[in-house]
$ cat structure_25.cif   # mmCIF, C-alpha atoms
data_entry
#
loop_
_atom_site.label_atom_id
_atom_site.label_comp_id
_atom_site.auth_asym_id
_atom_site.auth_seq_id
_atom_site.Cartn_x
_atom_site.Cartn_y
_atom_site.Cartn_z
CA GLY A 2 211.86 165.79 235.98
CA ARG A 3 208.57 166.24 237.73
CA ALA A 4 209.61 169.48 239.38
CA ASP A 5 210.49 171.04 236.02
CA VAL A 6 207.20 169.89 234.51
CA GLY A 7 205.32 171.37 237.46
CA ARG A 8 207.07 174.71 237.12
CA ALA A 9 206.41 174.80 233.38
CA ASP A 10 202.74 173.91 233.90
CA THR A 11 202.07 176.56 236.52
CA GLY A 12 204.41 179.26 235.21
CA GLY A 13 203.06 179.46 231.70
CA GLY A 14 206.30 178.24 230.17
CA ASP A 15 206.77 176.77 226.74
CA ARG A 16 205.43 173.33 225.97
CA LEU A 17 207.95 170.68 226.86
CA PRO A 18 209.40 168.43 224.13
CA GLY A 19 207.57 165.18 223.51
CA VAL A 20 204.17 166.42 224.67
CA GLY A 21 201.35 167.07 222.19
CA ALA A 22 199.47 170.37 222.20
CA VAL A 23 196.23 168.81 223.42
CA ARG A 24 197.96 166.88 226.20
CA TRP A 25 199.89 169.98 227.27
CA ALA A 26 196.71 172.06 227.39
CA GLY A 27 195.13 169.45 229.65
CA LEU A 28 198.13 169.44 231.97
CA VAL A 29 198.14 173.23 232.20
CA ALA A 30 194.41 173.27 232.95
CA ARG A 31 194.84 170.75 235.75
CA ALA A 32 197.88 172.54 237.14
CA GLY A 33 195.84 175.73 237.34
CA ARG A 34 193.60 174.08 239.90
CA ALA A 35 196.51 172.99 242.11
CA ASP A 36 196.75 174.70 245.49
CA PRO A 37 199.47 173.01 247.55
CA GLU A 38 199.08 175.35 250.51
CA ARG A 39 195.35 174.58 250.73
CA ASP A 40 196.04 170.84 250.45
CA LEU A 41 198.54 170.98 253.30
CA ALA A 42 196.18 173.01 255.47
CA VAL A 43 193.28 170.59 254.86
CA ALA A 44 195.59 167.66 255.58
CA ARG A 45 196.77 169.18 258.86
CA ALA A 46 193.17 169.76 259.91
CA ALA A 47 192.43 166.09 259.19
CA GLY A 48 195.49 164.92 261.10
CA ALA A 49 197.35 163.89 257.93
CA ARG A 50 200.86 164.50 256.66
CA PHE A 51 202.55 164.37 253.27
CA VAL A 52 205.39 161.86 252.86
CA ALA A 53 207.56 162.19 249.75
CA PRO A 54 210.58 160.25 248.44
CA GLY A 55 213.59 161.11 250.54
CA HIS A 56 211.51 161.65 253.68
CA PRO A 57 212.55 159.43 256.64
CA GLU A 58 209.07 157.84 256.59
CA TRP A 59 209.10 157.04 252.86
CA PRO A 60 208.94 153.25 252.21
CA GLY A 61 211.91 152.45 249.98
CA GLN A 62 210.14 149.52 248.31
CA LEU A 63 207.85 151.98 246.49
CA ASP A 64 210.91 152.99 244.48
CA ASP A 65 210.59 149.62 242.70
CA LEU A 66 207.74 151.23 240.73
CA ALA A 67 210.34 153.35 238.90
CA ASP A 68 208.53 155.92 236.73
CA ALA A 69 205.18 154.81 238.19
CA ARG A 70 206.28 155.70 241.71
CA PRO A 71 203.90 158.10 243.48
CA LEU A 72 205.00 161.71 243.85
CA GLY A 73 204.20 161.23 247.51
CA LEU A 74 201.62 159.77 249.88
CA TRP A 75 199.20 161.41 252.28
CA VAL A 76 199.22 159.54 255.59
CA ARG A 77 196.82 159.59 258.54
CA GLY A 78 197.79 157.85 261.76
CA ARG A 79 200.62 157.93 264.28
CA PRO A 80 202.82 154.93 263.28
CA SER A 81 205.65 155.18 260.78
CA LEU A 82 204.59 154.01 257.33
CA ARG A 83 208.16 152.95 256.47
CA ILE A 84 208.50 150.74 259.54
CA TRP A 85 205.10 149.15 259.16
CA ALA A 86 205.60 148.46 255.47
CA LEU A 87 208.74 146.42 256.18
CA ARG A 88 206.62 143.59 257.61
CA SER A 89 203.34 143.81 255.76
CA VAL A 90 201.08 141.58 253.65
CA ALA A 91 198.25 142.64 251.35
CA VAL A 92 194.93 140.78 251.69
CA VAL A 93 192.58 141.68 248.83
CA GLY A 94 189.61 140.25 247.00
CA ALA A 95 186.10 140.71 245.69
CA ARG A 96 183.68 143.35 246.96
CA ALA A 97 180.63 141.12 246.46
CA CYS A 98 182.21 138.23 248.33
CA THR A 99 180.64 135.14 249.85
CA ALA A 100 180.36 134.21 253.53
CA TYR A 101 183.24 131.79 252.90
CA GLY A 102 185.44 134.60 251.58
CA THR A 103 184.58 136.90 254.48
CA HIS A 104 185.44 134.18 256.99
CA VAL A 105 188.74 133.28 255.30
CA ALA A 106 189.85 136.91 254.94
CA ALA A 107 189.08 137.73 258.58
CA THR A 108 190.77 134.55 259.83
CA LEU A 109 193.86 135.18 257.69
CA ALA A 110 194.14 138.78 258.88
CA THR A 111 193.67 137.80 262.52
CA GLY A 112 196.40 135.16 262.25
CA LEU A 113 198.79 137.54 260.51
CA ALA A 114 198.17 140.27 263.08
CA GLU A 115 198.71 137.86 265.96
CA HIS A 116 202.11 136.98 264.47
CA GLY A 117 203.12 140.64 264.23
CA TRP A 118 202.39 141.26 260.55
CA VAL A 119 200.72 144.40 259.21
CA VAL A 120 197.61 143.72 257.10
CA VAL A 121 197.26 146.07 254.11
CA SER A 122 194.10 146.38 252.04
CA GLY A 123 192.00 148.92 250.15
CA GLY A 124 189.22 149.74 252.60
CA ALA A 125 186.52 148.56 250.15
CA TYR A 126 183.46 146.44 250.81
CA GLY A 127 183.81 142.66 250.97
CA ILE A 128 187.22 141.04 251.40
CA ASP A 129 189.04 144.31 252.13
CA ALA A 130 186.72 145.18 255.01
CA ALA A 131 186.89 141.64 256.43
CA ALA A 132 190.70 141.78 256.39
CA HIS A 133 190.81 145.15 258.16
CA ARG A 134 188.28 144.04 260.76
CA GLY A 135 190.13 140.78 261.38
CA ALA A 136 193.37 142.63 262.10
CA LEU A 137 191.63 145.21 264.30
CA ALA A 138 189.81 142.50 266.25
CA ALA A 139 193.16 140.90 267.08
CA GLY A 140 194.51 144.23 268.30
CA GLY A 141 196.93 144.21 265.37
CA ALA A 142 198.16 146.65 262.77
CA THR A 143 196.35 147.43 259.53
CA VAL A 144 196.77 149.96 256.70
CA ALA A 145 194.00 151.13 254.37
CA VAL A 146 195.24 152.44 251.01
CA LEU A 147 192.45 154.59 249.57
CA ALA A 148 191.68 155.65 246.00
CA SER A 149 190.46 159.00 247.37
CA GLY A 150 191.77 161.72 249.62
CA VAL A 151 192.57 160.48 253.13
CA ASP A 152 190.11 163.05 254.54
CA ARG A 153 187.26 161.62 252.44
CA PRO A 154 186.56 158.00 253.47
CA TYR A 155 185.35 155.87 250.60
CA PRO A 156 183.03 154.04 250.44
CA ARG A 157 180.86 156.25 252.65
CA GLY A 158 179.46 153.17 254.36
CA HIS A 159 182.93 152.49 255.76
CA THR A 160 183.42 155.89 257.35
CA ALA A 161 183.41 154.43 260.87
CA LEU A 162 185.77 151.60 259.85
CA ILE A 163 188.26 153.92 258.16
CA GLU A 164 188.17 156.33 261.09
CA ARG A 165 188.95 153.40 263.40
CA ILE A 166 191.83 152.36 261.14
CA ALA A 167 193.17 155.93 261.26
CA ALA A 168 193.03 155.81 265.07
CA GLN A 169 194.57 152.35 265.47
CA GLY A 170 196.62 152.04 262.26
CA LEU A 171 197.26 154.04 259.10
CA VAL A 172 195.15 155.45 256.26
CA VAL A 173 197.16 156.18 253.12
CA GLY A 174 196.26 157.85 249.85
CA GLU A 175 198.04 159.13 246.77
CA LEU A 176 195.42 161.77 245.94
CA PRO A 177 195.36 165.14 247.70
CA PRO A 178 192.73 165.86 250.35
CA GLY A 179 189.22 166.25 249.03
CA ASP A 180 189.73 164.22 245.84
CA HIS A 181 187.13 161.61 244.96
CA PRO A 182 187.80 158.15 243.48
CA THR A 183 187.30 157.15 239.86
CA PRO A 184 187.64 153.68 238.23
CA SER A 185 191.14 154.47 236.94
CA ARG A 186 192.24 155.65 240.37
CA PHE A 187 191.40 152.28 241.89
CA ILE A 188 193.77 150.61 239.44
CA LEU A 189 196.49 153.14 240.28
CA ARG A 190 195.84 152.53 243.99
CA ASN A 191 196.38 148.80 243.52
CA ARG A 192 199.97 149.24 242.35
CA VAL A 193 200.75 151.03 245.63
CA ILE A 194 199.29 148.14 247.65
CA ALA A 195 201.38 145.66 245.66
CA ALA A 196 204.63 147.62 245.98
CA LEU A 197 204.17 148.50 249.65
CA THR A 198 203.93 144.89 250.87
CA ARG A 199 206.06 141.75 250.80
CA GLY A 200 203.30 139.75 249.18
CA THR A 201 199.67 139.82 248.09
CA VAL A 202 196.99 137.25 249.03
CA VAL A 203 193.86 137.13 246.87
CA VAL A 204 191.02 135.52 248.80
CA GLU A 205 188.14 135.66 246.32
CA ALA A 206 188.13 137.17 242.84
CA ALA A 207 186.11 136.76 239.66
CA CYS A 208 187.93 136.67 236.34
CA ARG A 209 187.54 140.45 235.90
CA SER A 210 188.13 141.43 239.52
CA GLY A 211 190.23 144.51 240.21
CA SER A 212 192.07 142.60 242.94
CA LEU A 213 193.74 140.55 240.19
CA ALA A 214 195.39 143.78 239.04
CA THR A 215 197.00 144.00 242.47
CA ALA A 216 198.26 140.43 242.16
CA ARG A 217 199.65 141.01 238.66
CA ALA A 218 201.38 144.19 239.82
CA ALA A 219 202.92 142.21 242.68
CA GLN A 220 204.17 139.59 240.21
CA ARG A 221 205.74 142.25 237.99
CA LEU A 222 207.52 143.68 241.04
CA GLY A 223 208.83 140.27 242.09
CA ARG A 224 206.66 140.12 245.19
CA HIS A 225 205.06 136.91 246.46
CA THR A 226 201.62 136.27 245.01
CA MET A 227 199.25 133.90 246.81
CA GLY A 228 195.69 132.72 246.40
CA VAL A 229 193.12 130.98 248.60
CA PRO A 230 191.27 128.24 246.70
CA GLY A 231 187.49 128.10 246.71
CA PRO A 232 184.72 125.97 245.23
CA VAL A 233 185.25 125.27 241.53
CA THR A 234 181.55 126.00 241.06
CA SER A 235 181.91 129.57 242.37
CA ALA A 236 182.52 132.38 239.86
CA LEU A 237 184.09 134.37 242.71
CA SER A 238 186.92 131.85 242.92
CA ALA A 239 187.54 131.56 239.17
CA GLY A 240 190.04 134.43 239.11
CA VAL A 241 191.96 133.03 242.07
CA HIS A 242 192.13 129.60 240.46
CA GLU A 243 193.51 131.16 237.29
CA LEU A 244 196.24 132.80 239.39
CA LEU A 245 197.01 129.46 241.02
CA ARG A 246 197.39 127.85 237.61
CA GLY A 247 200.16 130.38 236.98
CA GLU A 248 202.87 131.56 239.34
CA ALA A 249 200.79 132.16 242.48
CA ALA A 250 201.20 129.93 245.53
CA LEU A 251 198.25 128.21 247.18
CA VAL A 252 197.73 129.21 250.83
CA THR A 253 195.00 128.29 253.30
CA ASP A 254 196.00 129.99 256.56
CA ALA A 255 198.24 132.64 258.08
CA ALA A 256 201.08 130.20 258.78
CA GLU A 257 201.36 129.33 255.09
CA VAL A 258 201.35 133.02 254.14
CA ILE A 259 204.12 133.72 256.65
CA GLU A 260 206.13 130.80 255.26
CA MET A 261 206.05 132.58 251.88
CA VAL A 262 206.80 136.16 252.97
CA GLY A 263 208.64 135.64 256.26
CA ASP A 264 212.26 135.07 257.09
CA MET A 265 214.14 131.85 256.46
CA GLY A 266 212.98 129.12 258.81
CA GLU A 267 209.47 130.51 259.43
CA LEU A 268 207.82 127.35 258.18
CA ALA A 269 204.19 126.35 258.44
CA PRO A 270 203.63 123.22 260.55
CA PRO A 271 203.24 120.00 258.52
CA ARG A 272 199.65 118.91 257.98
CA THR A 273 198.89 115.42 259.20
CA GLY A 274 195.74 113.47 259.97
CA PRO A 275 194.76 112.52 263.53
CA VAL A 276 196.91 109.93 265.31
CA LEU A 277 194.75 106.93 266.16
CA PRO A 278 195.49 104.51 269.03
CA ARG A 279 196.16 101.67 266.57
CA ASP A 280 198.85 103.83 264.93
CA LEU A 281 200.89 103.46 268.11
CA LEU A 282 201.02 99.66 267.87
CA GLU A 283 204.26 98.06 266.75
CA PRO A 284 204.22 96.97 263.08
CA ALA A 285 203.86 93.22 263.81
CA ALA A 286 200.83 93.80 266.06
CA ARG A 287 199.23 96.10 263.47
CA THR A 288 199.67 93.42 260.81
CA VAL A 289 197.99 90.77 262.96
CA LEU A 290 195.17 93.17 263.85
CA ALA A 291 194.60 93.96 260.17
CA ALA A 292 194.42 90.23 259.35
CA LEU A 293 191.39 89.67 261.58
CA PRO A 294 188.07 89.57 259.65
CA GLY A 295 185.57 92.22 260.70
CA ASP A 296 182.42 90.08 260.67
CA ARG A 297 183.36 86.89 262.55
CA ALA A 298 185.81 85.14 264.82
CA ALA A 299 188.83 83.50 263.15
CA PRO A 300 191.23 80.81 264.42
CA ALA A 301 194.84 81.75 265.08
CA GLY A 302 196.03 79.74 262.10
CA GLU A 303 193.87 81.77 259.68
CA VAL A 304 195.05 85.02 261.26
CA ALA A 305 198.69 83.90 260.95
CA LEU A 306 198.13 83.08 257.27
CA GLY A 307 196.63 86.51 256.61
CA ALA A 308 199.41 88.27 258.53
CA GLY A 309 202.17 86.30 256.85
CA THR A 310 203.63 85.01 260.12
CA THR A 311 203.75 81.80 262.20
CA PRO A 312 200.82 80.63 264.37
CA ASP A 313 202.88 80.99 267.54
CA GLU A 314 203.81 84.59 266.66
CA ALA A 315 200.19 85.36 265.77
CA ILE A 316 198.95 83.95 269.09
CA ALA A 317 201.50 86.03 271.00
CA LYS A 318 200.40 89.21 269.26
CA LEU A 319 196.71 88.34 269.71
CA TYR A 320 197.18 88.09 273.46
CA GLU A 321 198.91 91.49 273.42
CA LEU A 322 196.03 92.94 271.44
CA ARG A 323 193.52 91.42 273.88
CA ALA A 324 195.30 93.11 276.78
CA LEU A 325 194.97 96.41 274.92
CA GLY A 326 191.29 95.88 274.25
CA TYR A 327 191.44 95.33 270.49
CA VAL A 328 190.46 91.63 270.30
CA GLU A 329 188.57 89.10 272.38
CA ARG A 330 188.62 85.33 272.57
CA HIS A 331 185.62 83.37 271.23
CA GLY A 332 186.21 79.66 271.85
CA ASP A 333 189.07 78.66 269.59
CA GLY A 334 188.81 81.88 267.57
CA TRP A 335 189.60 85.58 267.90
CA LYS A 336 187.32 88.51 267.07
CA LEU A 337 187.66 92.27 266.88
CA THR A 338 186.15 94.24 269.76
CA ARG A 339 183.82 97.18 269.31
CA GLN A 340 186.72 99.52 270.19
CA ALA A 341 188.81 98.09 267.36
CA MET A 342 185.93 98.41 264.87
CA ILE A 343 185.39 102.08 265.79
CA SER A 344 189.12 102.78 265.52
CA ALA A 345 189.24 101.15 262.09
CA ARG A 346 186.32 103.24 260.81
CA ALA A 347 187.85 106.44 262.17
CA GLY A 348 191.09 105.72 260.34
CA ARG A 349 189.46 105.35 256.94
CA THR A 350 190.18 108.15 254.52
CA PRO A 351 186.94 109.45 252.94
CA CYS A 352 186.72 109.23 249.14
#

$ encode --input "structure_25.cif" --output "structure tokens"
Amino acid sequence: GRADVGRADTGGGDRLPGVGAVRWAGLVARAGRADPERDLAVARAAGARFVAPGHPEWPGQLDDLADARPLGLWVRGRPSLRIWALRSVAVVGARACTAYGTHVAATLATGLAEHGWVVVSGGAYGIDAAAHRGALAAGGATVAVLASGVDRPYPRGHTALIERIAAQGLVVGELPPGDHPTPSRFILRNRVIAALTRGTVVVEAACRSGSLATARAAQRLGRHTMGVPGPVTSALSAGVHELLRGEAALVTDAAEVIEMVGDMGELAPPRTGPVLPRDLLEPAARTVLAALPGDRAAPAGEVALGAGTTPDEAIAKLYELRALGYVERHGDGWKLTRQAMISARAGRTPC
């Protein structure tokens, strides 16, 4: 157990079975620097608290990490981490993102916040920052999971943003106060983001992006994994597209994300094209209208032949269409009006 290892490290006990001499020496050296009382005092001064497994605020879904579960989390902010995590979504992506990625991340986060979902991200530059700002702009809830101590905002350029998150939401970290981030700690941080939320959305990511580690951790934990498609010519969308070729679901807005992670029946509205006035015509009238040539007037007999109906039926429908403004009479023939031509062009699907 971790408690026994900690006591052996700090009490100068014998090396535990299964640990090499070099590894044990490293653990003892690190344990010698531990000062829990100082950490707690620094955390209290920063307005933070320590939440460990078994605490009423501990999110139970972190237990899915098994042996990789954090010993505890340092939390800044008034809300309950456990309650907020129950209805949360991670929005992650590239630091060096494009304007497209920034727009999509902010729009997604705003939509999720407006529907009562908590937006979780890592507080980094790029997509993370856009997601946090989108949620804050909507007056919603957001959580920043840091790879440093919660009293040491990182990156430094986001000090104001992280302080605002701490005031309006939650700032969470696994490392004790004062600790600085390292590359390996970002990877460890990502597993917490994946486990804490119901699903992870990757907005933009290159093939070697760290945000893909969050998505893969979410997949291993059985969480929903989603990706926002981008231009196939953009290297910053290549990693997302690779996810989409696997088990990730394609999403384009907050409604589609909520359909994935929400409760049964929370479905995204169906996507349809615009309803044109000619769509409201009865089928027989639409057939007659479609049979009229676009460049000249045609006699009723020719229209009837094109529509596959009788001349009398064609004439009846042509008079109906004239009353609606779709056709006009030219001697013995019938011709499409300008309104009908514009409606036909608007209904064409672009290639």

$ residues_around --input "structure_25.cif" --residues "stretch 46-48 of chain A" --least-positions-apart "5" --cutoff "10 Å" --atoms "all atoms listed in the file" --output "ChimeraX atom specification"
/A:40-41,76-79,151-153,167,178

$ closest_residue --input "structure_25.cif" --among "A:Ala125, A:Leu66, A:Ala216, A:Ala142" --to "A:Pro182" --atoms "all atoms listed in the file"
A:Ala125

$ residues_around --input "structure_25.cif" --residues "stretch 106-112 of chain A" --least-positions-apart "4" --cutoff "12 Å" --atoms "only C-alpha atoms" --output "VMD selection string"
chain A and resid 89 to 96 98 to 102 116 to 122 127 to 144 202 to 205 228 to 229 252 to 259

$ atom_distance --input "structure_25.cif" --atom1 "atom CA of A:Ala291" --atom2 "atom CA of A:Val276"
16.9 Å

$ atom_distance --input "structure_25.cif" --atom1 "atom CA of A:Gly263" --atom2 "atom CA of A:Leu189"
26.6 Å

$ residues_around --input "structure_25.cif" --residues "stretch 329-342 of chain A" --least-positions-apart "3" --cutoff "10 Å" --atoms "only C-alpha atoms" --output "PDB file with C-alpha atoms, in the coordinates of the input"
ATOM      1  CA  PRO A 278     195.490 104.510 269.030  1.00  0.00           C
ATOM      2  CA  ARG A 279     196.160 101.670 266.570  1.00  0.00           C
ATOM      3  CA  LEU A 290     195.170  93.170 263.850  1.00  0.00           C
ATOM      4  CA  ALA A 291     194.600  93.960 260.170  1.00  0.00           C
ATOM      5  CA  LEU A 293     191.390  89.670 261.580  1.00  0.00           C
ATOM      6  CA  PRO A 294     188.070  89.570 259.650  1.00  0.00           C
ATOM      7  CA  GLY A 295     185.570  92.220 260.700  1.00  0.00           C
ATOM      8  CA  ASP A 296     182.420  90.080 260.670  1.00  0.00           C
ATOM      9  CA  ARG A 297     183.360  86.890 262.550  1.00  0.00           C
ATOM     10  CA  ALA A 298     185.810  85.140 264.820  1.00  0.00           C
ATOM     11  CA  ALA A 299     188.830  83.500 263.150  1.00  0.00           C
ATOM     12  CA  PRO A 300     191.230  80.810 264.420  1.00  0.00           C
ATOM     13  CA  ALA A 301     194.840  81.750 265.080  1.00  0.00           C
ATOM     14  CA  GLY A 302     196.030  79.740 262.100  1.00  0.00           C
ATOM     15  CA  GLU A 303     193.870  81.770 259.680  1.00  0.00           C
ATOM     16  CA  VAL A 304     195.050  85.020 261.260  1.00  0.00           C
ATOM     17  CA  ILE A 316     198.950  83.950 269.090  1.00  0.00           C
ATOM     18  CA  LEU A 319     196.710  88.340 269.710  1.00  0.00           C
ATOM     19  CA  TYR A 320     197.180  88.090 273.460  1.00  0.00           C
ATOM     20  CA  LEU A 322     196.030  92.940 271.440  1.00  0.00           C
ATOM     21  CA  ARG A 323     193.520  91.420 273.880  1.00  0.00           C
ATOM     22  CA  ALA A 324     195.300  93.110 276.780  1.00  0.00           C
ATOM     23  CA  LEU A 325     194.970  96.410 274.920  1.00  0.00           C
ATOM     24  CA  GLY A 326     191.290  95.880 274.250  1.00  0.00           C
ATOM     25  CA  ALA A 345     189.240 101.150 262.090  1.00  0.00           C
ATOM     26  CA  ARG A 346     186.320 103.240 260.810  1.00  0.00           C
ATOM     27  CA  ALA A 347     187.850 106.440 262.170  1.00  0.00           C
TER      28      ALA A 347
END

$ atom_distance --input "structure_25.cif" --atom1 "atom CA of A:Ala44" --atom2 "atom CA of A:Ala67"
26.5 Å

$ closest_residue --input "structure_25.cif" --among "A:Gly19, A:Arg88, A:Ala145, A:Ala218" --to "A:Leu113" --atoms "all atoms listed in the file"
A:Arg88

$ residues_around --input "structure_25.cif" --residues "A:Val233" --least-positions-apart "5" --cutoff "10 Å" --atoms "all atoms listed in the file" --output "MDAnalysis selection string"
chainID A and resid 238:239 242

$ write_last_selection --input "structure_25.cif" --atoms "C-alpha atoms" --output "CSV table (one decimal), in the frame of the given file"
chain,number,residue,atom,x,y,z
A,238,SER,CA,186.9,131.8,242.9
A,239,ALA,CA,187.5,131.6,239.2
A,242,HIS,CA,192.1,129.6,240.5

$ closest_residue --input "structure_25.cif" --among "A:Pro154, A:Gly123, A:Asp68, A:Thr160" --to "A:Ser212" --atoms "only C-alpha atoms"
A:Gly123

$ residues_near_point --input "structure_25.cif" --point "(206.4, 94.8, 263.4)" --cutoff "12 Å" --atoms "only C-alpha atoms" --output "JSON, numbers by chain"
{"A": [280, 281, 282, 283, 284, 285, 286, 287, 288, 289, 290, 308, 309, 310, 314, 315, 318]}
